[in-house]
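Peer 1: I'd like to ask some things about the structure below.
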Amino acid sequence: MSDHNSASKFNMKDEVRRALGSLEKVVANSGSMTSDLSIDEELNLHSIGWEPVELVSGISLFSIPYGNWNWGQGEIEAASFAHAQAFHNAIARMHQEAARSGGHGVVGVHIERSIYSTHVEISLVGTAVRPVGASTIPVNGVFVSDLSARDFTMLMVAGWEPLGLATGASFVFAPRRTMGAVIQQQSQNVELANFTEAMYSAREAAMERMQQAALEMHGTGVVDVKVQEGPMHFASHAVGFVALGTVVRLAKPVHQMIHPVTVVSLNDRLIAFDVQSLS
Amino acid sequence: MSNPTNDLPQATEHRLEELEKGLFTSDLSVNEFLLIKEVGFHPVGFVMGSSIYHTGIQTRKWGQSQELTKLTEAMYNARELAMTRMEEEAAELGADGVVGVRLDVNYYEWGKDAAEFIAVGTAVKAEDGVSRLNQLGKPFTSDLSGQDFWTLSQTGYAPQGLVMGTCVYHIAHRGIGQTLGTTGQNVELPNFTQALYEARELAMTRMQDEATRLGASGIVGVRLEEKSHQWGSHTIEFLAIGTAVTKTSDVVTLVKPTTIISLDN
């Protein structure tokens with residue numbers, strides 16, 4: 001929508017201008033400012049007195065030595081180690097970038113994670129944020145979180161603060177069944193104890209590592225934990241379990257209740273014309 | 001799984017001990033976390049149970065509709081194993097219940113009939129210290145989201161347990177004669193209709209029986225899922241699943257919802 005035909009119609013524009021005005025101030029201060037936040041998120045941040053500073057990233061590739069996925073027993077330590085290191089390095093780089101731009105934390109971190117037989121690739125992109133007018137040196141170090149700016153706002157309103165990303169990963173060989181067992185179990189209802197145990201061991205190791213990371217950050221909780229599990233696409237007899245979440249701590253003396261209000265939206269469902277349903 | 005008194009592996013015990021030191025983990029989103037707190041609960045840990053299970057074989061008669069009891073049994077048994085292990089983890093944490101429970105079945109390449117049955121959720125504990133265990137003295141389970149959990153508690157109901165009923169049913173094929181006889185006609189196919197009805201009824205009844213055992217006064221959020229898994233098109237699992245609830249307080253002042261018109265369409 002171009003400027004000249006809409007300027008007179010939308011009051012909304014003033015609101016947007018006000019939000020954008022604050023962006024321009026930052027530009028004047030630091031010389032450059034980018035952010036992948038939407039205007040809504042931007043307003044949300046400003047409502048608790050925070051502002052975006054800079055789009056920051058952290059990338060790391062870590063190699064897994066050849067031959068680790070073939071045959072074996074127990075945990076594939078080289079893979080678990082590579083995953084932990086790749087994450088550690090990517091987060092460390094993001095910390096550096098955020099600190100250099102004067103951010104106190106990074107929100108809305110988009111995590112891309114790929115595991116290949118030869119290496120682990122982690123790429124993080126997010127927006128560095130800080131309290132409006134704060135000094136360029138963060139007091140408690142820089143936090144990194146995959147919570148959206150909206151979630152970050154809600155968390156702060158309730159008196160909590162994010163401390164960082166905690167991750168844990170474990171890759172384990174699922175033992176193959178002997179031919180005899182396969183034939184014997186063919187027609188039976190039976191739990192496959194060795195597979196179940198392999199899954200459990202990967203899961204426990206990964207969750208344990210995530211918790212350890214959270215404790216090291218002096219967190220009291222991990223929210224929005226995402227887990228991914230299953231066999232590796234390049235090695236079906238190896239199972240992986242990855243857990244990651246944002247470590248949080250109560251910043252205010254007590255949890256602040258949010259008192260939600262129930263609403264009923266009067267909008268009708270948008271009925272779109274679907275050409276495909278005609279065929 | 002070697003310890004006979006408790007089904008949980010050693011590593012799990014260790015992880016849970018760490019959680020008791022005051023750290024919580026949870027797969028709840030920030031919104032859900034805040035709403036759970038609003039109701040007076042605090043998350044204590046991300047709990048899970050899983051079982052990799054091999055389902056047996058049962059011969060089906062081409063032209064006969066029937067329940068495949070062996071497969072039904074397998075689906076029940078495997079889910080029960082996963083759920084029980086999840087509940088054990090919650091009990092170990094001293095939790096009052098588990099919210100946001102998800103039950104999944106994953107198929108891997110380890111064998112045609114081997115599947116992982118998994119149950120995950122967030123264990124929660126009441127902050128006022130009053131026990132909210134269900135009638136059987138176990139932590140309640142519920143597949144309601146944080147948002148639904150908050151809304152439910154506004155109505156004076158409390159979840160008792162995740163209840164399910166399942167039925168694996170083989171639906172008869174039609175004979176050549178029948179198929180030819182109905183070609184070109186508008187006609188109901190009674191054998192198909194009847195088979196689907198019966199299978200659904202069996203699943204629903206079993207779910208209701210579970211709710212009755214928990215002394216529940218109702219089941220909310222019921223979903224009816226129909227899946228063929230890996231058995232071919234004529235063998236279907238009917239799974240009915242929902243959260244059994246009981247009324248906890250008689251006097252409830254329901255909040256009147258505000259009406260809004262959202263402009264961001």
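Each chain in the structure tokens gets a letter, A, B, ..., in the order shown, and its residues are numbered from 1; ligands are numbered from 1 in order too.
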Find the nearest atom pair between each residue of chain A and chain B for residues within 7 Å, count only C-alpha atoms, give distances in Å to one decimal, sort rows by chain and ascending number, and present the table as CSV.
Peer 2:
residue,atom,partner,partner_atom,distance
A:Asp151,CA,B:Val30,CA,5.9
A:Leu155,CA,B:Val30,CA,6.7
A:Gln186,CA,B:Gly56,CA,6.4
A:Ser187,CA,B:Gly56,CA,4.2
A:Gln188,CA,B:Gly56,CA,4.0
A:Asn189,CA,B:Thr55,CA,4.6
A:Val190,CA,B:His54,CA,5.2
A:Glu191,CA,B:Tyr53,CA,4.1
A:Leu192,CA,B:Tyr53,CA,5.4
A:Phe195,CA,B:Ile52,CA,6.3
A:Thr196,CA,B:Ile52,CA,5.1
A:Glu204,CA,B:Thr12,CA,6.0
A:Glu208,CA,B:Arg15,CA,5.7
A:Gly219,CA,B:Leu23,CA,7.0
A:Thr220,CA,B:Leu23,CA,4.5
A:Gly221,CA,B:Phe24,CA,4.3
A:Val222,CA,B:Thr25,CA,4.5
A:Val223,CA,B:Ser26,CA,5.1
A:Asp224,CA,B:Asp27,CA,4.5
A:Val225,CA,B:Asp27,CA,4.2
A:Lys226,CA,B:Asp27,CA,6.3
A:Ser236,CA,B:Glu109,CA,6.4
A:Met257,CA,B:Glu38,CA,6.1
A:Thr262,CA,B:Pro257,CA,4.7
A:Val263,CA,B:Thr258,CA,4.5
A:Val264,CA,B:Thr259,CA,4.8
A:Ser265,CA,B:Ile260,CA,4.9
A:Leu266,CA,B:Ile261,CA,5.2
A:Asn267,CA,B:Ile261,CA,5.8
Peer 1: So that I can check the secondary structure, give me every residue of region 15-175 of chain A assigned alpha helix (DSSP H) by backbone DSSP, as a VMD selection string.
Peer 2: chain A and resid 15 to 30 39 to 47 77 to 100 149 to 157
Peer 1: By how many Å are CA of Ile118 (chain B) and CA of His233 (chain A) apart?
Peer 2: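 Rounded to one decimal, the two atoms are 19.9 Å apart.
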Peer 1: Could you list, as a list in words, every residue within 8 Å of Phe149 (chain B), counting only C-alpha atoms and ignoring same-chain residues fewer than 5 positions away?
Peer 2: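 Surrounding residues, per the criterion: Ile36, Val99 and Leu144 of chain B.
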Peer 1: Provide the CA of His119 (chain A) to CA of Val242 (chain A) distance in Å, to one decimal place.
Peer 2: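 Calculated distance between CA of His119 (chain A) and CA of Val242 (chain A) is 15.6 Å.
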Peer 1: Go through B:Leu162, B:Met204, B:Ala244, B:Ile171 one by one, measure the shortest atom-to-atom distance of each to Arg60 (chain B) using only C-alpha atoms, and give the residue with the smallest value.
Peer 2: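 So, comparing all the options, the nearest one is B:Ile171.
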Peer 1: In Å, how far is it from CA of Leu165 (chain A) to CA of Ala98 (chain A)?
Peer 2: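 Computing it gives 14.6 Å between the two atoms.
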Peer 1: Just want the 9 Å neighbourhood of region 166-172 of chain A, counted on only C-alpha atoms, with same-chain residues fewer than 2 positions away dropped. Output as a PyMOL selection string.
Peer 2: chain A and resi 73-77+79-81+83-84+87+164+174+198-199+201-214+217+222+232+237-247
Peer 1: How about saving the chosen residues, C-alpha atoms kept, as a compact mmCIF listing (two decimals), in the first residue's frame?
Peer 2:
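Printed below is result-v6.txt as written:
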# COMPACT_ATOMS: atom_id res chain seq x y z
CA GLN A 73 26.89 -50.88 21.65
CA GLY A 74 25.77 -48.22 24.04
CA GLU A 75 26.10 -44.51 23.44
CA ILE A 76 27.73 -43.04 20.33
CA GLU A 77 29.80 -40.63 22.36
CA ALA A 79 28.04 -37.82 18.11
CA SER A 80 26.70 -36.68 21.48
CA PHE A 81 29.91 -34.72 22.04
CA HIS A 83 26.15 -32.04 19.17
CA ALA A 84 26.97 -30.49 22.55
CA PHE A 87 25.53 -25.91 20.30
CA GLY A 164 19.66 -19.06 28.54
CA ALA A 174 19.54 -49.84 19.32
CA ALA A 198 18.02 -48.12 24.24
CA MET A 199 15.36 -45.42 23.90
CA SER A 201 19.02 -44.62 27.88
CA ALA A 202 19.19 -41.98 25.09
CA ARG A 203 16.31 -40.07 26.64
CA GLU A 204 17.66 -40.10 30.18
CA ALA A 205 21.15 -39.02 29.13
CA ALA A 206 19.77 -36.16 27.01
CA MET A 207 17.33 -34.90 29.66
CA GLU A 208 19.99 -35.21 32.35
CA ARG A 209 22.40 -33.09 30.28
CA MET A 210 19.75 -30.46 29.71
CA GLN A 211 18.98 -30.33 33.43
CA GLN A 212 22.67 -30.12 34.29
CA ALA A 213 23.04 -27.14 31.94
CA ALA A 214 20.03 -25.48 33.61
CA MET A 217 22.92 -21.37 34.96
CA VAL A 222 13.11 -25.01 32.06
CA MET A 232 18.72 -41.32 12.51
CA HIS A 237 19.71 -48.78 14.16
CA ALA A 238 20.92 -45.65 15.98
CA VAL A 239 18.42 -43.61 17.95
CA GLY A 240 18.84 -40.01 18.94
CA PHE A 241 17.10 -37.93 21.55
CA VAL A 242 17.51 -34.17 21.67
CA ALA A 243 15.92 -31.88 24.28
CA LEU A 244 16.14 -28.12 24.44
CA GLY A 245 14.37 -25.41 26.34
CA THR A 246 14.71 -21.99 27.95
CA VAL A 247 16.05 -21.84 31.49
Peer 1: For Ala211 (chain B), which of B:Thr243, B:Gln147, B:Gln66, B:Thr182 is the closest residue, counting only C-alpha atoms?
Peer 2: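 Looking only at the distances to Ala211 (chain B), the closest residue turns out to be B:Thr243.
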Peer 1: Among the residues of region 34-189 of chain B, find those DSSP assigns to strand (DSSP E or B) from the backbone and print them as a PyMOL selection string.
Peer 2: chain B and resi 41-54+66-67+97-107+114-126+140-141+157-170
